[in-house]
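*Asks:* Input structure: protein_38.cif, which contains mmCIF, C-alpha atoms.
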data_final
loop_
_atom_site.group_PDB
_atom_site.id
_atom_site.type_symbol
_atom_site.label_atom_id
_atom_site.label_comp_id
_atom_site.auth_asym_id
_atom_site.auth_seq_id
_atom_site.Cartn_x
_atom_site.Cartn_y
_atom_site.Cartn_z
ATOM 1 C CA MET A 1 11.980 -12.065 15.890
ATOM 2 C CA ALA A 2 11.703 -9.795 12.866
ATOM 3 C CA LEU A 3 8.438 -8.303 11.725
ATOM 4 C CA ASN A 4 6.917 -10.288 8.827
ATOM 5 C CA LEU A 5 6.085 -7.288 6.654
ATOM 6 C CA LEU A 6 5.799 -8.870 3.208
ATOM 7 C CA LEU A 7 4.843 -5.846 1.121
ATOM 8 C CA THR A 8 3.392 -2.356 1.260
ATOM 9 C CA ARG A 9 1.110 -1.262 -1.581
ATOM 10 C CA VAL A 10 -0.181 2.123 -2.701
ATOM 11 C CA ASP A 11 -3.651 1.734 -4.191
ATOM 12 C CA ASN A 12 -6.269 4.517 -4.197
ATOM 13 C CA ARG A 13 -8.972 1.870 -3.882
ATOM 14 C CA LEU A 14 -7.366 0.192 -0.856
ATOM 15 C CA ILE A 15 -8.810 -3.355 -0.484
ATOM 16 C CA HIS A 16 -11.076 -4.532 -3.283
ATOM 17 C CA GLY A 17 -11.959 -7.865 -4.876
ATOM 18 C CA GLN A 18 -9.500 -8.994 -7.512
ATOM 19 C CA VAL A 19 -6.376 -7.152 -6.416
ATOM 20 C CA GLY A 20 -6.923 -7.642 -2.683
ATOM 21 C CA ILE A 21 -7.338 -11.365 -3.190
ATOM 22 C CA THR A 22 -4.714 -11.772 -5.949
ATOM 23 C CA TRP A 23 -1.923 -9.956 -4.112
ATOM 24 C CA THR A 24 -2.786 -11.481 -0.757
ATOM 25 C CA SER A 25 -2.619 -15.038 -2.074
ATOM 26 C CA SER A 26 0.488 -14.488 -4.228
ATOM 27 C CA LEU A 27 2.311 -13.048 -1.206
ATOM 28 C CA GLY A 28 1.066 -15.668 1.232
ATOM 29 C CA ALA A 29 -0.150 -12.884 3.538
ATOM 30 C CA ASN A 30 -2.535 -13.708 6.383
ATOM 31 C CA LEU A 31 -3.133 -10.154 7.620
ATOM 32 C CA LEU A 32 -4.092 -7.056 5.657
ATOM 33 C CA VAL A 33 -3.371 -3.760 7.376
ATOM 34 C CA VAL A 34 -5.203 -0.794 5.882
ATOM 35 C CA VAL A 35 -3.435 2.406 6.896
ATOM 36 C CA ASP A 36 -5.738 5.364 6.337
ATOM 37 C CA ASP A 37 -6.691 8.101 8.795
ATOM 38 C CA GLU A 38 -10.222 8.466 7.351
ATOM 39 C CA VAL A 39 -11.087 4.808 6.774
ATOM 40 C CA ALA A 40 -9.941 3.910 10.302
ATOM 41 C CA SER A 41 -13.128 5.590 11.564
ATOM 42 C CA ASP A 42 -15.502 4.821 8.654
ATOM 43 C CA SER A 43 -17.551 1.753 9.582
ATOM 44 C CA LEU A 44 -19.146 1.283 6.136
ATOM 45 C CA GLN A 45 -15.831 1.239 4.265
ATOM 46 C CA LYS A 46 -14.348 -1.049 6.922
ATOM 47 C CA GLN A 47 -17.316 -3.427 6.609
ATOM 48 C CA LEU A 48 -16.950 -3.682 2.808
ATOM 49 C CA MET A 49 -13.193 -4.287 2.951
ATOM 50 C CA THR A 50 -13.617 -6.817 5.757
ATOM 51 C CA MET A 51 -15.950 -8.855 3.526
ATOM 52 C CA THR A 52 -13.264 -8.952 0.797
ATOM 53 C CA ALA A 53 -10.576 -9.981 3.285
ATOM 54 C CA GLU A 54 -12.766 -12.691 4.813
ATOM 55 C CA SER A 55 -13.588 -14.088 1.364
ATOM 56 C CA SER A 56 -9.874 -14.638 0.815
ATOM 57 C CA GLY A 57 -9.421 -16.111 4.300
ATOM 58 C CA VAL A 58 -7.206 -13.419 5.810
ATOM 59 C CA GLY A 59 -7.488 -11.108 8.777
ATOM 60 C CA ILE A 60 -7.791 -7.352 8.372
ATOM 61 C CA ARG A 61 -7.028 -4.359 10.584
ATOM 62 C CA PHE A 62 -7.706 -0.669 10.051
ATOM 63 C CA PHE A 63 -5.258 1.788 11.595
ATOM 64 C CA THR A 64 -4.431 5.460 11.378
ATOM 65 C CA VAL A 65 -0.848 6.263 10.397
ATOM 66 C CA ASP A 66 0.065 7.067 14.010
ATOM 67 C CA LYS A 67 -1.541 3.876 15.348
ATOM 68 C CA THR A 68 0.330 1.790 12.750
ATOM 69 C CA ILE A 69 3.650 3.329 13.799
ATOM 70 C CA GLU A 70 2.755 2.629 17.430
ATOM 71 C CA VAL A 71 1.675 -1.035 17.060
ATOM 72 C CA ILE A 72 3.251 -2.597 13.956
ATOM 73 C CA ASN A 73 6.399 -3.785 15.714
ATOM 74 C CA LYS A 74 4.244 -5.607 18.296
ATOM 75 C CA ALA A 75 2.872 -7.931 15.596
ATOM 76 C CA SER A 76 3.057 -11.649 16.290
ATOM 77 C CA ASP A 77 5.660 -13.748 14.458
ATOM 78 C CA SER A 78 2.835 -15.729 12.856
ATOM 79 C CA GLN A 79 1.378 -12.633 11.175
ATOM 80 C CA LYS A 80 2.425 -12.258 7.548
ATOM 81 C CA ILE A 81 1.523 -8.629 6.929
ATOM 82 C CA PHE A 82 0.489 -6.826 3.741
ATOM 83 C CA ILE A 83 0.042 -3.063 4.271
ATOM 84 C CA VAL A 84 -2.200 -1.125 1.903
ATOM 85 C CA CYS A 85 -2.572 2.656 1.804
ATOM 86 C CA LYS A 86 -3.838 5.260 -0.643
ATOM 87 C CA ALA A 87 -0.808 7.471 -1.234
ATOM 88 C CA PRO A 88 2.997 7.632 -1.154
ATOM 89 C CA SER A 89 2.730 10.376 1.505
ATOM 90 C CA VAL A 90 1.373 7.745 3.928
ATOM 91 C CA VAL A 91 4.274 5.381 3.184
ATOM 92 C CA LYS A 92 6.738 8.238 3.730
ATOM 93 C CA ARG A 93 5.154 8.956 7.144
ATOM 94 C CA LEU A 94 5.335 5.248 8.065
ATOM 95 C CA ILE A 95 9.023 5.030 7.113
ATOM 96 C CA ASP A 96 9.848 8.251 8.972
ATOM 97 C CA GLY A 97 7.963 6.798 11.953
ATOM 98 C CA GLY A 98 10.170 3.693 12.008
ATOM 99 C CA VAL A 99 8.019 1.125 10.189
ATOM 100 C CA PRO A 100 10.556 -1.249 8.549
ATOM 101 C CA ILE A 101 9.221 -1.144 4.979
ATOM 102 C CA THR A 102 11.569 -2.842 2.506
ATOM 103 C CA LYS A 103 9.335 -3.257 -0.567
ATOM 104 C CA LEU A 104 6.773 -0.825 -1.964
ATOM 105 C CA ASN A 105 4.384 -1.748 -4.767
ATOM 106 C CA ILE A 106 2.648 1.152 -6.467
ATOM 107 C CA GLY A 107 -0.380 -0.342 -8.146
ATOM 108 C CA ASN A 108 -3.079 2.254 -8.652
ATOM 109 C CA MET A 109 -3.094 6.041 -8.373
ATOM 110 C CA HIS A 110 -5.989 7.846 -10.030
ATOM 111 C CA PRO A 111 -5.511 10.521 -12.711
ATOM 112 C CA SER A 112 -6.120 14.209 -12.137
ATOM 113 C CA GLU A 113 -5.163 17.410 -13.937
ATOM 114 C CA SER A 114 -1.843 17.954 -12.213
ATOM 115 C CA LYS A 115 -0.636 14.350 -12.648
ATOM 116 C CA ARG A 116 1.338 12.588 -15.348
ATOM 117 C CA GLN A 117 0.782 8.987 -16.374
ATOM 118 C CA ILE A 118 3.523 6.510 -15.400
ATOM 119 C CA THR A 119 1.781 3.184 -16.155
ATOM 120 C CA LYS A 120 -1.694 2.163 -17.289
ATOM 121 C CA LYS A 121 -3.067 2.660 -13.751
ATOM 122 C CA VAL A 122 -0.569 5.010 -12.077
ATOM 123 C CA TYR A 123 -0.602 8.794 -12.325
ATOM 124 C CA VAL A 124 1.687 10.913 -10.147
ATOM 125 C CA SER A 125 1.901 14.581 -9.194
ATOM 126 C CA GLU A 126 5.269 16.278 -8.699
ATOM 127 C CA GLN A 127 4.766 16.013 -4.941
ATOM 128 C CA GLU A 128 4.017 12.267 -5.139
ATOM 129 C CA GLU A 129 7.010 11.710 -7.394
ATOM 130 C CA GLU A 130 9.220 13.438 -4.801
ATOM 131 C CA GLU A 131 7.733 11.217 -2.073
ATOM 132 C CA ILE A 132 8.373 8.073 -4.148
ATOM 133 C CA ARG A 133 11.984 9.109 -4.777
ATOM 134 C CA TYR A 134 12.400 9.854 -1.048
ATOM 135 C CA ILE A 135 11.074 6.381 -0.181
ATOM 136 C CA ALA A 136 13.517 4.785 -2.659
ATOM 137 C CA SER A 137 16.364 6.867 -1.184
ATOM 138 C CA LYS A 138 15.688 5.141 2.168
ATOM 139 C CA GLY A 139 16.666 1.781 0.647
ATOM 140 C CA VAL A 140 13.119 0.656 -0.138
ATOM 141 C CA GLU A 141 12.673 -1.410 -3.296
ATOM 142 C CA VAL A 142 9.981 0.514 -5.199
ATOM 143 C CA PHE A 143 8.176 -1.102 -8.100
ATOM 144 C CA PHE A 144 5.130 -0.333 -10.208
ATOM 145 C CA GLN A 145 2.818 -3.286 -10.890
ATOM 146 C CA GLU A 146 -0.948 -3.619 -10.999
ATOM 147 C CA VAL A 147 -1.259 -7.381 -10.431
ATOM 148 C CA PRO A 148 1.376 -10.091 -9.869
ATOM 149 C CA GLU A 149 0.900 -11.634 -13.356
ATOM 150 C CA GLU A 150 1.807 -8.389 -15.122
ATOM 151 C CA PRO A 151 5.303 -6.995 -15.690
ATOM 152 C CA SER A 152 6.742 -4.829 -12.947
ATOM 153 C CA TYR A 153 8.708 -1.627 -13.473
ATOM 154 C CA GLY A 154 11.376 -0.152 -11.226
ATOM 155 C CA ILE A 155 11.845 3.411 -10.032
ATOM 156 C CA SER A 156 13.655 4.281 -13.299
ATOM 157 C CA ILE A 157 10.215 4.449 -14.957
ATOM 158 C CA LEU A 158 9.875 7.914 -13.355
ATOM 159 C CA GLY A 159 12.612 9.128 -15.705
#
Using the file provided, produce a representation of the structure as structure tokens.
*Replies:*
Amino acid sequence: MALNLLLTRVDNRLIHGQVGITWTSSLGANLLVVVDDEVASDSLQKQLMTMTAESSGVGIRFFTVDKTIEVINKASDSQKIFIVCKAPSVVKRLIDGGVPITKLNIGNMHPSESKRQITKKVYVSEQEEEEIRYIASKGVEVFFQEVPEEPSYGISILG
């Protein structure tokens, strides 16, 4: 049976209260998969995110990019998966590694000097913009939206 990958989200903060819970419940997800090479081995960050996941009644896993590519297609049919990672570069690696991502939500990318503002909470560098366009070129529906109640914007917002 097909992998139940509901949505992939780029959020610099990964799993945190409001958004973690809001997106998870609006999607009907029962498993959060945090894909981050550093967090996968950081017990404090994992502990904090696990508390958020448990408070919304869902399971949570922490994988490196390579581990995700290796195991995601072995997921059980009953798992309704919501992947969260920090950057478009991670999503690009997942797609190139064969993870069947069909929808990408870009919800929060922090500002820095070399980035331009796309939405209230999303700032992209030239490199990240290229990665987002690459992801869209692979047939992935890319949209920018902070929380489900707010309007969403398509890839055309990049100009």
*Asks:* So that I can check the surroundings of segment 11-21 of chain A, please list as a ChimeraX atom specification every protein, DNA and RNA residue that reaches within 7 Å of it, counting all atoms listed in the file and ignoring chain neighbours fewer than 2 positions away.
*Replies:* /A:9,23-25,49,52,56,84-87,106-110,147
*Asks:* Selection in question (the file shown): the PyMOL selection byres ((chain A and resi 114) around 12). Which residues does it include, as an mmCIF file with C-alpha atoms, keeping the file's coordinate frame?
*Replies:*
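In the end it all went to out09.cif:
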data_model
loop_
_atom_site.group_PDB
_atom_site.id
_atom_site.type_symbol
_atom_site.label_atom_id
_atom_site.label_comp_id
_atom_site.auth_asym_id
_atom_site.auth_seq_id
_atom_site.Cartn_x
_atom_site.Cartn_y
_atom_site.Cartn_z
ATOM 1 C CA HIS A 110 -5.989 7.846 -10.030
ATOM 2 C CA PRO A 111 -5.511 10.521 -12.711
ATOM 3 C CA SER A 112 -6.120 14.209 -12.137
ATOM 4 C CA GLU A 113 -5.163 17.410 -13.937
ATOM 5 C CA LYS A 115 -0.636 14.350 -12.648
ATOM 6 C CA ARG A 116 1.338 12.588 -15.348
ATOM 7 C CA GLN A 117 0.782 8.987 -16.374
ATOM 8 C CA TYR A 123 -0.602 8.794 -12.325
ATOM 9 C CA VAL A 124 1.687 10.913 -10.147
ATOM 10 C CA SER A 125 1.901 14.581 -9.194
ATOM 11 C CA GLU A 126 5.269 16.278 -8.699
ATOM 12 C CA GLN A 127 4.766 16.013 -4.941
ATOM 13 C CA GLU A 128 4.017 12.267 -5.139
ATOM 14 C CA GLU A 129 7.010 11.710 -7.394
#
*Asks:* In Å, with one decimal, what is the gap from atom CA of Thr50 of chain A to atom CA of Gln79 of chain A?
*Replies:*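 Atom-to-atom, atom CA of Thr50 of chain A to atom CA of Gln79 of chain A, that is 17.0 Å.
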*Asks:* Under the rule that all atoms listed in the file are counted, which of A:Leu158, A:Ile135, A:Val65, A:Leu3 is the nearest residue to Lys92 of chain A?
*Replies:*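 Looking at the shortest contact to Lys92 of chain A, the residue is A:Ile135.
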*Asks:* Here is a test: counting only C-alpha atoms, which residue of A:Thr68, A:Ser78, A:Ser89, A:Asn4 is nearest to Glu131 of chain A?
*Replies:* A:Ser89
